[in-house]
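A.B. asks: What follows is a structure written as structure tokens; I'll ask about it next.
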Amino acid sequence: MPLMAGRLLKVSSLATAVFASSGFYLYNRQLDLNDLSVIRFGRAALTTAVISCDYLTAFKHVEYGTEEYWALKSKVHQRSAERLRDLCCANRGTFIKVGQHLGALDYLLPEEYTSTLKVLHSQAPQSSMEEIKQVIREDLGKELSELFVSFEEKPQGAASLAQVHKAVLHDGRTVAVKVQHPKVQRQSSKDIVVMEVLLKMVHLLFPDFAFMWLVEEAKKNMPLELDFINEGRNAEKVAKMLAHFPFLKVPIIHWNLCTKRILTMEFAEGGQVNDRDYMEKHGINVNEISENLGKMYSEMIFVHGFVHCDPHPGNVLVAKCPQSKKTEIVLLDHGLYQVLQPDFRLDYCRLWQALIKGDMPGMERYSRRLGAGDLYPLFACVLTARSWTAVNAGISSVPVTHAEDVEIRTNASLYLPQISELLNRVPRQMLLLLKTNDLLRGIETTLQTRASSSSFINMSRCCVRAMARHKRSKTRSKRRRLQITLSESLSLWKLMMYELFLWVKGCTAARWLTALLSVMH
């Protein structure tokens, strides 16, 4: 017994010495405990365990399908969403990025999750000025004063992976300098492994919960988003690709001040695209902005297959050009683009054409070709954020109602296992498109321009052009190419006439209403 006590005393003395020396080491290195992988993993594992336990035990004494059950389920969703949000805020970096991704899936996840996780866009961490100077020193090899006349210490905005500072070059040009948070590169790969392990454990407990697509997307996209040279190239590519849109502005890149962790670009000002007050104050037409945004994204998706996949309001600004006084859309943050394979893009075109027309056999055929299988009705509803009734009638002919919107959001909670299965079935290219669709719908909802006829006409135009271009590329016959071009021109002319008809109809209705109000007055 005395021997055992002696050994125990030696072990405890050694452990005390190790912990004391570790503490002294951490203190001297001034390390943030949050940087330690074991702390980040422990926090994530604990949160996952608490959320899983809540879902496993909360419904034991409640009958499925009753009002009490649904009320309790909403409370559990809310508690879990708040725990997930707190985890993202604590672990920062990749966790915030993934949390923001989930918060954008308005019509795919329960509202409790999306509304709670949306705040992560405004709760991103900030690096200290000393950390920013260190990154610039390491990557550009110079001090701030050698590169800039002035450099604002307070960032214009902070995101999960980087923050942006306003600065002035020695030649007088004002620029935006995007600097990556110094610890993100090192932590991101480890964080993704942690998420993968924990999601696999959750899947064992809840077989219906199959969200591994989330980790797969993070694995693929995070290295691209952390490479600012790639972002600069994307910006230049999309600026050239959409140069025929006079309303689009993509900031010019200053390549001599760019590295993988630093991106210097022309400084652009404006209000966020969902800020109606800003638009009213500056005389910007909300409908024009919504229509132009639809044109831009229809062109990217259907014609070119090169899609900016992060159009949240902070990345899309609107402004009046000081010189021309015309309205501009400023597109920022080009780190995440989806390149659509030609076959996928053409099937996606055909699917949207079927959805707009209410062509049910076509809708089923192309949904199945895009991997939805027997879940094609759910796929059509998820893709359009419309009810099955509206999809059957043709989404262009049925206006969106508040009741329908509530129904869709409620169904996102009811059909979560089926939605989860669907997201694991469809091609990976589809996942970012669904996120992009939801972000754009969120903007349209705020601007009150959801499902406008102009957006469907613009989509139809782009689909017609994309299909005609594909057919021309498949034939060498000049006669056949001429036939395709004439057919394309006829289809585009019909769309133009329909648009003119809607405009005349709208003007006539407006005149009748004005006349009626005058008589009543």
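Each chain in the structure tokens gets a letter, A, B and so on, in the order shown; residues start at 1 in every chain, and ligands are counted from 1 in the order they appear.
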What residues in range 292-464 of chain A get the DSSP label alpha helix (DSSP H)? Please answer as number ranges by chain.
C.D. replies: A: 292-298, 342-357, 360-369, 376-384, 388-393, 402-414, 416-425, 428-447, 453-464
A.B. asks: Using only C-alpha atoms, determine which residues lie at most 12 Å from range 280-289 of chain A, disregarding the query and same-chain residues fewer than 2 positions distant; provide the list as number ranges by chain.
C.D. replies: A: 247-248, 270-278, 291-296, 316-322, 325-330, 440, 443-455
A.B. asks: Using only C-alpha atoms, what table do you get, as JSON lines, when you list each residue of range 347-428 of chain A with an atom no more than 12 Å from range 49-72 of chain A, its nearest pair of atoms, and their distance in Å rounded to one decimal, rows by chain then rising number?
C.D. replies:
{"residue": "A:Thr410", "atom": "CA", "partner": "A:Trp70", "partner_atom": "CA", "distance": 10.5}
{"residue": "A:Ser413", "atom": "CA", "partner": "A:Trp70", "partner_atom": "CA", "distance": 9.9}
{"residue": "A:Leu414", "atom": "CA", "partner": "A:Trp70", "partner_atom": "CA", "distance": 9.5}
A.B. asks: Generate a file of the selected residues that holds all heavy atoms, formatted as a short mmCIF file (atom, residue, chain, number, x, y, z; two decimals), in the first residue's frame.
C.D. replies:
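Once written, part_14.cif looks like this:
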data_model
loop_
_atom_site.label_atom_id
_atom_site.label_comp_id
_atom_site.auth_asym_id
_atom_site.auth_seq_id
_atom_site.Cartn_x
_atom_site.Cartn_y
_atom_site.Cartn_z
N THR A 410 -42.77 24.97 -44.03
CA THR A 410 -43.23 23.91 -43.12
C THR A 410 -42.81 22.54 -43.65
O THR A 410 -42.35 21.68 -42.89
CB THR A 410 -44.77 23.96 -42.98
OG1 THR A 410 -45.15 25.27 -42.55
CG2 THR A 410 -45.25 22.94 -41.96
N SER A 413 -39.32 21.20 -42.96
CA SER A 413 -39.14 20.50 -41.68
C SER A 413 -39.73 19.09 -41.73
O SER A 413 -39.12 18.13 -41.26
CB SER A 413 -39.81 21.31 -40.56
OG SER A 413 -39.66 20.67 -39.33
N LEU A 414 -40.92 18.95 -42.36
CA LEU A 414 -41.60 17.65 -42.42
C LEU A 414 -40.83 16.63 -43.25
O LEU A 414 -40.79 15.45 -42.92
CB LEU A 414 -43.01 17.82 -43.00
CG LEU A 414 -44.04 18.59 -42.16
CD1 LEU A 414 -45.33 18.77 -42.96
CD2 LEU A 414 -44.33 17.85 -40.87
#
A.B. asks: Nearest to Ala45 in chain A: which of A:Asp333, A:Glu130, A:Glu196, A:Asp310 is it, counting only C-alpha atoms?
C.D. replies: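 When distances to Ala45 in chain A are compared using only C-alpha atoms, the smallest one comes from A:Glu196.
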A.B. asks: Restricting the calculation to only C-alpha atoms: of A:Ser473, A:Leu332, A:Glu225, A:Leu87, which residue gets closest to Met265 in chain A?
C.D. replies: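 Among A:Ser473, A:Leu332, A:Glu225, A:Leu87, it is A:Leu332 that comes nearest to Met265 in chain A.
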A.B. asks: List every residue of range 360-476 of chain A that has an atom at most 12 Å from any atom of range 480-490 of chain A, and for each one report the closest atom pair and its distance in Å to one decimal, counting only C-alpha atoms, with rows sorted by chain and then by increasing residue number, as a tab-separated table.
C.D. replies:
residue	atom	partner	partner_atom	distance
A:Ser460	CA	A:Glu488	CA	11.5
A:Arg461	CA	A:Glu488	CA	9.4
A:Cys462	CA	A:Glu488	CA	10.8
A:Cys463	CA	A:Glu488	CA	10.3
A:Val464	CA	A:Glu488	CA	6.5
A:Arg465	CA	A:Glu488	CA	6.8
A:Ala466	CA	A:Glu488	CA	9.8
A:Met467	CA	A:Glu488	CA	8.7
A:Ala468	CA	A:Glu488	CA	6.2
A:Arg469	CA	A:Ile484	CA	8.7
A:His470	CA	A:Ile484	CA	10.0
A:Lys471	CA	A:Ile484	CA	7.2
A:Arg472	CA	A:Arg481	CA	5.5
A:Ser473	CA	A:Arg481	CA	8.7
A:Lys474	CA	A:Arg481	CA	9.3
A:Thr475	CA	A:Arg481	CA	7.0
A:Arg476	CA	A:Arg481	CA	7.6
A.B. asks: Need to verify the contact set: range 144-152 of chain A, 10 Å, only C-alpha atoms, exclusion of same-chain residues closer than 3 positions in sequence. Can you return it as a tab-separated table (two decimals) with all heavy atoms, in the first residue's frame?
C.D. replies:
chain	number	residue	atom	x	y	z
A	129	MET	N	-4.92	44.39	-35.93
A	129	MET	CA	-4.13	45.14	-36.92
A	129	MET	C	-2.71	44.58	-37.01
A	129	MET	O	-2.13	44.55	-38.09
A	129	MET	CB	-4.11	46.63	-36.54
A	129	MET	CG	-3.64	47.53	-37.67
A	129	MET	SD	-4.65	47.35	-39.16
A	129	MET	CE	-3.49	47.87	-40.41
A	132	ILE	N	-2.79	41.60	-39.25
A	132	ILE	CA	-2.92	42.03	-40.66
A	132	ILE	C	-1.57	42.50	-41.20
A	132	ILE	O	-1.15	42.11	-42.31
A	132	ILE	CB	-3.98	43.16	-40.79
A	132	ILE	CG1	-5.37	42.65	-40.41
A	132	ILE	CG2	-3.97	43.76	-42.19
A	132	ILE	CD1	-5.91	41.55	-41.28
A	133	LYS	N	-0.87	43.31	-40.40
A	133	LYS	CA	0.46	43.80	-40.82
A	133	LYS	C	1.43	42.63	-41.03
A	133	LYS	O	2.23	42.64	-41.97
A	133	LYS	CB	1.03	44.74	-39.75
A	133	LYS	CG	0.38	46.11	-39.71
A	133	LYS	CD	0.99	46.95	-38.60
A	133	LYS	CE	0.34	48.34	-38.53
A	133	LYS	NZ	0.87	49.14	-37.40
A	134	GLN	N	1.32	41.62	-40.15
A	134	GLN	CA	2.22	40.47	-40.25
A	134	GLN	C	1.98	39.68	-41.54
A	134	GLN	O	2.93	39.28	-42.21
A	134	GLN	CB	2.02	39.57	-39.03
A	134	GLN	CG	2.98	38.39	-38.94
A	134	GLN	CD	4.44	38.80	-38.84
A	134	GLN	OE1	4.76	39.88	-38.32
A	134	GLN	NE2	5.34	37.99	-39.40
A	136	ILE	N	0.73	40.86	-44.36
A	136	ILE	CA	1.23	41.70	-45.47
A	136	ILE	C	2.75	41.67	-45.52
A	136	ILE	O	3.35	41.56	-46.61
A	136	ILE	CB	0.69	43.14	-45.32
A	136	ILE	CG1	-0.83	43.16	-45.60
A	136	ILE	CG2	1.42	44.11	-46.24
A	136	ILE	CD1	-1.52	44.46	-45.34
A	137	ARG	N	3.39	41.72	-44.36
A	137	ARG	CA	4.85	41.67	-44.28
A	137	ARG	C	5.38	40.35	-44.83
A	137	ARG	O	6.33	40.31	-45.61
A	137	ARG	CB	5.26	41.84	-42.81
A	137	ARG	CG	6.64	42.42	-42.59
A	137	ARG	CD	6.93	42.60	-41.10
A	137	ARG	NE	6.15	43.68	-40.52
A	137	ARG	CZ	5.37	43.57	-39.44
A	137	ARG	NH1	5.25	42.41	-38.83
A	137	ARG	NH2	4.71	44.61	-38.99
A	140	LEU	N	4.02	40.11	-48.92
A	140	LEU	CA	4.46	41.15	-49.87
A	140	LEU	C	5.87	41.65	-49.57
A	140	LEU	O	6.45	42.38	-50.38
A	140	LEU	CB	3.47	42.32	-49.88
A	140	LEU	CG	2.06	41.98	-50.39
A	140	LEU	CD1	1.13	43.18	-50.24
A	140	LEU	CD2	2.08	41.52	-51.84
A	141	GLY	N	6.41	41.28	-48.41
A	141	GLY	CA	7.80	41.62	-48.08
A	141	GLY	C	8.05	43.08	-47.78
A	141	GLY	O	9.20	43.53	-47.84
A	155	PRO	N	-11.73	47.59	-40.31
A	155	PRO	CA	-12.10	46.96	-41.59
A	155	PRO	C	-13.46	47.42	-42.09
A	155	PRO	O	-14.36	47.70	-41.31
A	155	PRO	CB	-12.11	45.46	-41.26
A	155	PRO	CG	-12.27	45.37	-39.78
A	155	PRO	CD	-11.67	46.62	-39.20
A	156	GLN	N	-13.59	47.46	-43.43
A	156	GLN	CA	-14.89	47.77	-44.05
A	156	GLN	C	-15.88	46.65	-43.80
A	156	GLN	O	-17.08	46.87	-43.71
A	156	GLN	CB	-14.70	47.95	-45.57
A	156	GLN	CG	-13.87	49.15	-45.97
A	156	GLN	CD	-14.66	50.45	-45.85
A	156	GLN	OE1	-15.76	50.56	-46.36
A	156	GLN	NE2	-14.09	51.43	-45.16
A	164	VAL	N	-11.68	43.03	-45.02
A	164	VAL	CA	-11.35	43.99	-46.07
A	164	VAL	C	-11.07	45.37	-45.46
A	164	VAL	O	-11.87	45.87	-44.67
A	164	VAL	CB	-12.49	44.09	-47.11
A	164	VAL	CG1	-12.17	45.13	-48.17
A	164	VAL	CG2	-12.75	42.73	-47.75
A	165	HIS	N	-9.94	45.97	-45.86
A	165	HIS	CA	-9.57	47.31	-45.40
A	165	HIS	C	-9.51	48.28	-46.58
A	165	HIS	O	-9.08	47.90	-47.68
A	165	HIS	CB	-8.20	47.27	-44.71
A	165	HIS	CG	-8.19	46.52	-43.41
A	165	HIS	ND1	-8.30	47.15	-42.20
A	165	HIS	CD2	-8.11	45.20	-43.16
A	165	HIS	CE1	-8.26	46.24	-41.24
A	165	HIS	NE2	-8.15	45.05	-41.79
A	166	LYS	N	-9.91	49.50	-46.34
A	166	LYS	CA	-9.81	50.55	-47.36
A	166	LYS	C	-8.43	51.17	-47.27
A	166	LYS	O	-7.94	51.46	-46.17
A	166	LYS	CB	-10.89	51.61	-47.11
A	166	LYS	CG	-11.01	52.66	-48.20
A	166	LYS	CD	-12.16	53.61	-47.87
A	166	LYS	CE	-12.34	54.68	-48.95
A	166	LYS	NZ	-13.45	55.59	-48.61
A	167	ALA	N	-7.80	51.38	-48.42
A	167	ALA	CA	-6.45	51.96	-48.44
A	167	ALA	C	-6.28	52.85	-49.66
A	167	ALA	O	-7.09	52.80	-50.60
A	167	ALA	CB	-5.41	50.84	-48.45
A	168	VAL	N	-5.23	53.68	-49.64
A	168	VAL	CA	-4.91	54.55	-50.77
A	168	VAL	C	-3.49	54.26	-51.22
A	168	VAL	O	-2.55	54.23	-50.41
A	168	VAL	CB	-5.04	56.05	-50.38
A	168	VAL	CG1	-4.67	56.94	-51.57
A	168	VAL	CG2	-6.47	56.36	-49.93
A	169	LEU	N	-3.33	54.01	-52.54
A	169	LEU	CA	-2.01	53.74	-53.11
A	169	LEU	C	-1.21	55.03	-53.25
A	169	LEU	O	-1.77	56.14	-53.17
A	169	LEU	CB	-2.15	53.08	-54.48
A	169	LEU	CG	-2.87	51.72	-54.53
A	169	LEU	CD1	-3.05	51.28	-55.98
A	169	LEU	CD2	-2.10	50.66	-53.75
A	170	HIS	N	0.07	54.91	-53.51
A	170	HIS	CA	0.93	56.10	-53.67
A	170	HIS	C	0.58	56.91	-54.91
A	170	HIS	O	0.91	58.10	-54.98
A	170	HIS	CB	2.41	55.67	-53.70
A	170	HIS	CG	2.94	55.29	-52.35
A	170	HIS	ND1	3.26	56.21	-51.37
A	170	HIS	CD2	3.16	54.07	-51.80
A	170	HIS	CE1	3.68	55.58	-50.27
A	170	HIS	NE2	3.63	54.28	-50.52
A	171	ASP	N	-0.11	56.29	-55.88
A	171	ASP	CA	-0.53	57.05	-57.06
A	171	ASP	C	-1.90	57.70	-56.86
A	171	ASP	O	-2.48	58.27	-57.80
A	171	ASP	CB	-0.53	56.17	-58.31
A	171	ASP	CG	-1.51	55.00	-58.22
A	171	ASP	OD1	-2.33	54.98	-57.26
A	171	ASP	OD2	-1.48	54.11	-59.09
A	172	GLY	N	-2.48	57.59	-55.66
A	172	GLY	CA	-3.75	58.26	-55.34
A	172	GLY	C	-4.99	57.42	-55.52
A	172	GLY	O	-6.09	57.83	-55.12
A	173	ARG	N	-4.89	56.22	-56.09
A	173	ARG	CA	-6.06	55.36	-56.29
A	173	ARG	C	-6.49	54.71	-54.97
A	173	ARG	O	-5.65	54.27	-54.19
A	173	ARG	CB	-5.77	54.28	-57.33
A	173	ARG	CG	-5.71	54.81	-58.77
A	173	ARG	CD	-5.39	53.71	-59.75
A	173	ARG	NE	-4.02	53.19	-59.57
A	173	ARG	CZ	-3.51	52.16	-60.24
A	173	ARG	NH1	-4.25	51.55	-61.14
A	173	ARG	NH2	-2.28	51.76	-60.01
A	174	THR	N	-7.81	54.69	-54.77
A	174	THR	CA	-8.36	54.05	-53.57
A	174	THR	C	-8.62	52.57	-53.87
A	174	THR	O	-9.20	52.24	-54.90
A	174	THR	CB	-9.67	54.73	-53.14
A	174	THR	OG1	-9.43	56.12	-52.97
A	174	THR	CG2	-10.19	54.16	-51.83
A	175	VAL	N	-8.18	51.72	-52.96
A	175	VAL	CA	-8.31	50.28	-53.17
A	175	VAL	C	-8.92	49.61	-51.94
A	175	VAL	O	-8.94	50.17	-50.84
A	175	VAL	CB	-6.94	49.61	-53.48
A	175	VAL	CG1	-6.40	50.06	-54.82
A	175	VAL	CG2	-5.94	49.87	-52.35
A	176	ALA	N	-9.44	48.40	-52.17
A	176	ALA	CA	-9.89	47.54	-51.07
A	176	ALA	C	-8.88	46.41	-50.95
A	176	ALA	O	-8.53	45.77	-51.95
A	176	ALA	CB	-11.27	46.97	-51.39
A	177	VAL	N	-8.36	46.20	-49.75
A	177	VAL	CA	-7.35	45.16	-49.52
A	177	VAL	C	-7.98	44.05	-48.68
A	177	VAL	O	-8.32	44.25	-47.52
A	177	VAL	CB	-6.11	45.73	-48.80
A	177	VAL	CG1	-5.01	44.67	-48.71
A	177	VAL	CG2	-5.58	46.97	-49.52
A	257	LEU	N	-0.14	43.59	-56.06
A	257	LEU	CA	-0.36	43.57	-54.61
A	257	LEU	C	-1.27	42.39	-54.21
A	257	LEU	O	-2.10	42.49	-53.32
A	257	LEU	CB	-0.98	44.89	-54.15
A	257	LEU	CG	-0.11	46.14	-54.32
A	257	LEU	CD1	-0.89	47.39	-54.00
A	257	LEU	CD2	1.13	46.05	-53.43
A.B. asks: For Lys219 in chain A, which residue among A:Ala354, A:Tyr113, A:Arg79, A:Thr94 is the nearest when counting only C-alpha atoms?
C.D. replies: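 Going through A:Ala354, A:Tyr113, A:Arg79, A:Thr94 one by one, the smallest distance to Lys219 in chain A is for A:Thr94.
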A.B. asks: Hey, what's within 10 Å of Ala380 in chain A if we count only C-alpha atoms and toss same-chain stuff fewer than 5 positions away? As a ChimeraX atom specification, please?
C.D. replies: /A:351-352,355,363-364,367,372,375,385-388,391-392
